[in-house]
Amino acid sequence: MNNTLTATIEGRRLSLFADKRLCLTLPLDEGGHHRLVVADPATAQSAVEALERCPGVGVMPAGGGLLGAMTVAENFTLALRYDDDPDDPRDWERDLEAALELCGLPAQRIATMGRQQPMNLERTERWTVGFARCLLRPPELLVIDRLFAGLSRREANALIAVEAVYHQRHPFRPVLFVDLDSHELPALPDCRTLTELAELAETAEAPCPC
Amino acid sequence: MNSFTNNRLGAYLLLAWFAASRRRELRRPLLREQLQHQIYAAGVTALPVIAVLAMLTGATLVTQLAALVGADSDLTQRMVFLGLFFELAPLLSALVVVARSSAGIASELAVMHLHDEFTTLRRLGVPAADYLLLPRVFGLVVALPAVTACFQAIAVGSGWLATALIEGRPLAETAGRFLDLADPWLAMVSLLKSAVMGAAVGIIACHHGSSGKGSTQAISGAAIQAVGGGLIAVFVVDVAFAALVYALR
């Protein structure tokens with residue numbers, strides 16, 4: 001895949017172009033799930049990078065988007081309090097505990113998790129932490145970057161369940177799953193658009209799948 | 001070679017401009033915490049080494065000068081002030097900080113670069129350049145003059161003590177003579193010189209730490225380049241200040 005991918009936001013609509021040809025449009029105020037299936041990791045990487053350049057787009061990578069050198073609590077402090085007004089009375093700790101509980105973590109685990117480093121968490125816990133952060137600071141568009149790669153069916157279902165919590169809480173904020181083309185991609189509930197970027201790469205003259 | 005030097009110098013200057021223009025960001029509580037952490041790491045933890053080095057340098061220099069020109073000579077006191085207080089103290093303090101912090105900063109940033117943590121920071125909504133570079137550069141700008149002041153105090157104190165022990169003079173008399181000849185303006189310039197050295201060392205270390213290739217070899221490469229560049233910068237600043245003071249006199 002040698003196409004150059006670019007993304008723009010005009011009005012309340014995000015457009016993704018491959019070599020200046022429109023291949024995906026997403027309304028940013030209607031919510032719902034969308035899926036972009038790509039042929040190889042390099043294309044996935046460039047698609048995510050192109051999307052990420054647009055303001056208001058948040059990316060959830062496979063590791064949950066946490067800094068390895070910090071504890072989970074320090075990661076949250078950094079993410080939630082960087083732009084914080086020191087005079088703002090908002091109790092982030094309580095909000096965070098509530099968000100983690102909402103994502104299905106037991107209270108006992110929440111109490112011990114803060115002191116741990118992300119690499120010591122289970123894979124499903126890393127996403128949960130990432131989703132909890134997004135629950136509190138939701139982006140305009142949440143891009144889920146290849147989270148289904150190499151997952152068991154049980155883990156994939158757990159991921160869909162955690163994402164459903166985000167969707168319930170922020171129903172008008174769309175979520176775009178960027179996935180690698182594989183035989184066993186789990187079905188997404190309420191998936192509004194499915195774009196396969198691989199076809200575009202193989203047949204440059206072919207009409208856009210979307 | 002020219003374009004190599006120009007590119008590197010250009011990158012240093014660009015980073016210096018960035019740090020100067022974004023300095024107000026350090027008002028954020030989280031960046032202030034990082035700044036304090038950097039001052040502690042570069043300054044406070046260097047004090048034991050600085051204290052030993054300053055004590056030995058001060059005592060050795062004053063003993064040698066006393067043997068050469070006599071302990072009661074004004075020339076000895078002037079040389080202690082200009083040679084030890086104004087020249088050696090900022091230079092040796094900067095060398096200690098380059099050896100300890102420059103390699104540390106560069107390799108820490110290179111490891112973060114290797115693990116793509118600059119992108120992770122951006123995704124957390126934190127500008128990586130502000131969060132990582134500003135506290136490190138300004139941490140050294142604050143820490144190095146403080147370390148230099150400690151070096152100066154300990155080195156001169158140990159020199160007075162050495163003179164008092166060798167010549168059997170009262171300590172207060174030696175100190176009084178030194179203070180009569182000391183130029184407060186030059187004392188301030190020596191601290192300003194240290195601050196400029198700190199900025200140069202910080203900028204060079206941050207540049208090499210954050211701009212290398214994302215590979216394991218790049219970590220040691222960044223540390224080596226940061227220390228090499230830092231040493232050269234320290235001497236260039238030292239010569240520039242010496243020339244400036246000479247021209248102003």
# chains A, B, ... in the order shown; residues from 1 in each chain; ligands from 1
>>> residues_around(residues="stretch 111-120 of chain A", least_positions_apart="6", cutoff="12 Å", atoms="only C-alpha atoms", output="count of residues only")
29
>>> residues_around(residues="B:Val156", least_positions_apart="3", cutoff="8 Å", atoms="only C-alpha atoms", output="VMD selection string")
chain B and resid 58 80 84 to 85 152 to 153 159 to 160
>>> write_last_selection(atoms="N, CA, C and O atoms", output="compact mmCIF listing (two decimals), in the first residue's frame")
# COMPACT_ATOMS: atom_id res chain seq x y z
N GLY B 58 40.14 23.81 46.38
CA GLY B 58 40.43 25.04 47.13
C GLY B 58 41.70 24.90 47.95
O GLY B 58 42.60 25.75 47.87
N VAL B 80 43.05 33.69 43.79
CA VAL B 80 42.00 32.82 44.35
C VAL B 80 40.64 33.30 43.84
O VAL B 80 39.80 32.50 43.41
N LEU B 84 40.05 30.76 41.00
CA LEU B 84 39.22 29.72 41.62
C LEU B 84 37.74 30.10 41.60
O LEU B 84 36.90 29.34 41.11
N PHE B 85 37.45 31.30 42.11
CA PHE B 85 36.05 31.69 42.29
C PHE B 85 35.36 31.98 40.96
O PHE B 85 34.25 31.51 40.71
N GLN B 152 31.86 27.43 45.04
CA GLN B 152 32.64 28.63 45.37
C GLN B 152 32.80 28.78 46.88
O GLN B 152 33.91 29.01 47.36
N ALA B 153 31.69 28.61 47.59
CA ALA B 153 31.74 28.80 49.05
C ALA B 153 32.66 27.76 49.70
O ALA B 153 33.52 28.11 50.53
N GLY B 159 40.17 26.98 51.17
CA GLY B 159 41.40 27.72 50.91
C GLY B 159 41.80 28.57 52.11
O GLY B 159 42.97 28.59 52.52
N TRP B 160 40.81 29.27 52.68
CA TRP B 160 41.08 30.08 53.88
C TRP B 160 41.60 29.20 55.02
O TRP B 160 42.54 29.54 55.71
>>> closest_atom_pairs(of="stretch 19-122 of chain A", to="stretch 148-157 of chain A", cutoff="12 Å", atoms="only C-alpha atoms", output="tab-separated table")
residue	atom	partner	partner_atom	distance
A:Arg35	CA	A:Phe148	CA	11.8
A:Val37	CA	A:Phe148	CA	11.5
A:Asp40	CA	A:Ala149	CA	11.6
A:Pro41	CA	A:Ala149	CA	10.4
A:Ala44	CA	A:Ala149	CA	11.8
A:Met60	CA	A:Phe148	CA	11.9
A:Pro61	CA	A:Phe148	CA	10.6
A:Ala62	CA	A:Phe148	CA	8.4
A:Gly63	CA	A:Phe148	CA	11.8
A:Glu122	CA	A:Glu155	CA	10.8
>>> write_last_selection(atoms="N, CA and C atoms", output="PDB file, in the first residue's frame")
ATOM      1  N   ARG A  35     -16.005   1.003  11.068  1.00  0.00           N
ATOM      2  CA  ARG A  35     -14.828   0.124  10.991  1.00  0.00           C
ATOM      3  C   ARG A  35     -14.069   0.396   9.701  1.00  0.00           C
ATOM      4  N   VAL A  37     -11.042  -1.383   7.643  1.00  0.00           N
ATOM      5  CA  VAL A  37     -10.222  -2.603   7.575  1.00  0.00           C
ATOM      6  C   VAL A  37      -9.106  -2.359   6.562  1.00  0.00           C
ATOM      7  N   ASP A  40      -2.497  -4.156   5.744  1.00  0.00           N
ATOM      8  CA  ASP A  40      -1.215  -4.424   6.419  1.00  0.00           C
ATOM      9  C   ASP A  40      -0.967  -3.407   7.535  1.00  0.00           C
ATOM     10  N   PRO A  41      -0.053  -3.726   8.455  1.00  0.00           N
ATOM     11  CA  PRO A  41       0.204  -2.829   9.591  1.00  0.00           C
ATOM     12  C   PRO A  41       0.682  -1.440   9.163  1.00  0.00           C
ATOM     13  N   ALA A  44      -2.275   0.602   8.304  1.00  0.00           N
ATOM     14  CA  ALA A  44      -3.004   0.923   9.544  1.00  0.00           C
ATOM     15  C   ALA A  44      -2.314   2.072  10.275  1.00  0.00           C
ATOM     16  N   MET A  60      -6.807   5.079  20.781  1.00  0.00           N
ATOM     17  CA  MET A  60      -6.600   4.056  21.818  1.00  0.00           C
ATOM     18  C   MET A  60      -5.755   2.933  21.208  1.00  0.00           C
ATOM     19  N   PRO A  61      -4.440   2.908  21.542  1.00  0.00           N
ATOM     20  CA  PRO A  61      -3.594   1.848  21.000  1.00  0.00           C
ATOM     21  C   PRO A  61      -3.730   0.554  21.806  1.00  0.00           C
ATOM     22  N   ALA A  62      -3.066  -0.499  21.347  1.00  0.00           N
ATOM     23  CA  ALA A  62      -3.222  -1.809  21.988  1.00  0.00           C
ATOM     24  C   ALA A  62      -2.801  -1.801  23.458  1.00  0.00           C
ATOM     25  N   GLY A  63      -1.828  -0.952  23.818  1.00  0.00           N
ATOM     26  CA  GLY A  63      -1.367  -0.924  25.211  1.00  0.00           C
ATOM     27  C   GLY A  63      -2.200  -0.031  26.104  1.00  0.00           C
ATOM     28  N   GLU A 122      -2.980  -6.784  33.255  1.00  0.00           N
ATOM     29  CA  GLU A 122      -3.409  -7.679  32.173  1.00  0.00           C
ATOM     30  C   GLU A 122      -3.813  -6.833  30.969  1.00  0.00           C
TER      31      GLU A 122
END
>>> interface_residues(of="chain B", to="chain A", cutoff="8 Å", atoms="only C-alpha atoms", output="NGL selection string")
:B and (28-30 or 117 or 120-121 or 123-126)
>>> write_last_selection(atoms="C-alpha atoms", output="mmCIF file, in the first residue's frame")
data_model
loop_
_atom_site.group_PDB
_atom_site.id
_atom_site.type_symbol
_atom_site.label_atom_id
_atom_site.label_comp_id
_atom_site.auth_asym_id
_atom_site.auth_seq_id
_atom_site.Cartn_x
_atom_site.Cartn_y
_atom_site.Cartn_z
ATOM 1 C CA ARG B 28 1.432 24.639 35.271
ATOM 2 C CA PRO B 29 1.494 22.652 38.526
ATOM 3 C CA LEU B 30 2.544 19.394 36.852
ATOM 4 C CA GLU B 117 6.365 7.502 24.519
ATOM 5 C CA THR B 120 1.808 8.301 24.038
ATOM 6 C CA LEU B 121 2.202 11.628 25.818
ATOM 7 C CA ARG B 123 -2.307 10.959 23.018
ATOM 8 C CA LEU B 124 -2.717 11.638 26.740
ATOM 9 C CA GLY B 125 -3.242 15.275 25.759
ATOM 10 C CA VAL B 126 0.156 16.422 27.027
#
>>> select_by_dssp(residues="stretch 36-96 of chain A", states="alpha helix (DSSP H)", output="list in words")
Pro41, Ala42, Thr43, Ala44, Gln45, Ser46, Ala47, Val48, Glu49, Ala50, Leu51, Glu52, Val72, Ala73, Glu74, Asn75, Phe76, Thr77, Leu78, Ala79, Leu80, Arg81, Trp92, Glu93, Arg94, Asp95 and Leu96 of chain A
>>> write_last_selection(atoms="N, CA and C atoms", output="compact mmCIF listing (two decimals), in the first residue's frame")
# COMPACT_ATOMS: atom_id res chain seq x y z
N PRO A 41 -0.05 -3.73 8.46
CA PRO A 41 0.20 -2.83 9.59
C PRO A 41 0.68 -1.44 9.16
N ALA A 42 1.46 -1.36 8.07
CA ALA A 42 1.97 -0.04 7.64
C ALA A 42 0.82 0.88 7.25
N THR A 43 -0.18 0.32 6.55
CA THR A 43 -1.33 1.14 6.15
C THR A 43 -2.13 1.56 7.39
N ALA A 44 -2.28 0.60 8.30
CA ALA A 44 -3.00 0.92 9.54
C ALA A 44 -2.31 2.07 10.27
N GLN A 45 -0.99 1.97 10.34
CA GLN A 45 -0.20 3.00 11.02
C GLN A 45 -0.40 4.36 10.36
N SER A 46 -0.31 4.39 9.02
CA SER A 46 -0.43 5.70 8.36
C SER A 46 -1.86 6.23 8.44
N ALA A 47 -2.86 5.32 8.43
CA ALA A 47 -4.25 5.78 8.59
C ALA A 47 -4.45 6.40 9.96
N VAL A 48 -3.93 5.72 10.99
CA VAL A 48 -4.10 6.25 12.35
C VAL A 48 -3.36 7.58 12.49
N GLU A 49 -2.16 7.65 11.92
CA GLU A 49 -1.40 8.92 12.01
C GLU A 49 -2.13 10.05 11.30
N ALA A 50 -2.73 9.73 10.14
CA ALA A 50 -3.47 10.76 9.40
C ALA A 50 -4.67 11.23 10.21
N LEU A 51 -5.40 10.30 10.80
CA LEU A 51 -6.58 10.65 11.59
C LEU A 51 -6.19 11.46 12.82
N GLU A 52 -5.06 11.04 13.41
CA GLU A 52 -4.63 11.65 14.66
C GLU A 52 -4.24 13.12 14.50
N VAL A 72 -0.01 3.61 37.13
CA VAL A 72 -1.32 3.90 36.54
C VAL A 72 -1.86 5.22 37.10
N ALA A 73 -1.69 5.41 38.41
CA ALA A 73 -2.20 6.65 39.04
C ALA A 73 -1.50 7.88 38.46
N GLU A 74 -0.17 7.77 38.26
CA GLU A 74 0.58 8.91 37.70
C GLU A 74 0.14 9.19 36.26
N ASN A 75 -0.12 8.11 35.52
CA ASN A 75 -0.62 8.28 34.15
C ASN A 75 -1.92 9.07 34.14
N PHE A 76 -2.81 8.69 35.05
CA PHE A 76 -4.11 9.37 35.12
C PHE A 76 -3.94 10.82 35.55
N THR A 77 -3.07 11.02 36.54
CA THR A 77 -2.85 12.39 37.02
C THR A 77 -2.39 13.26 35.87
N LEU A 78 -1.44 12.72 35.10
CA LEU A 78 -0.89 13.49 33.97
C LEU A 78 -1.97 13.78 32.93
N ALA A 79 -2.73 12.75 32.58
CA ALA A 79 -3.72 12.91 31.50
C ALA A 79 -4.88 13.80 31.93
N LEU A 80 -5.32 13.67 33.16
CA LEU A 80 -6.54 14.39 33.56
C LEU A 80 -6.25 15.76 34.15
N ARG A 81 -5.04 15.95 34.69
CA ARG A 81 -4.81 17.20 35.40
C ARG A 81 -3.86 18.15 34.69
N TRP A 92 -11.09 14.59 40.69
CA TRP A 92 -10.77 13.64 39.63
C TRP A 92 -10.67 12.21 40.15
N GLU A 93 -10.14 12.08 41.39
CA GLU A 93 -9.94 10.73 41.93
C GLU A 93 -11.26 9.99 42.05
N ARG A 94 -12.28 10.71 42.57
CA ARG A 94 -13.59 10.07 42.72
C ARG A 94 -14.20 9.76 41.35
N ASP A 95 -14.07 10.71 40.43
CA ASP A 95 -14.59 10.50 39.07
C ASP A 95 -13.93 9.30 38.41
N LEU A 96 -12.64 9.20 38.64
CA LEU A 96 -11.87 8.12 38.03
C LEU A 96 -12.29 6.76 38.59
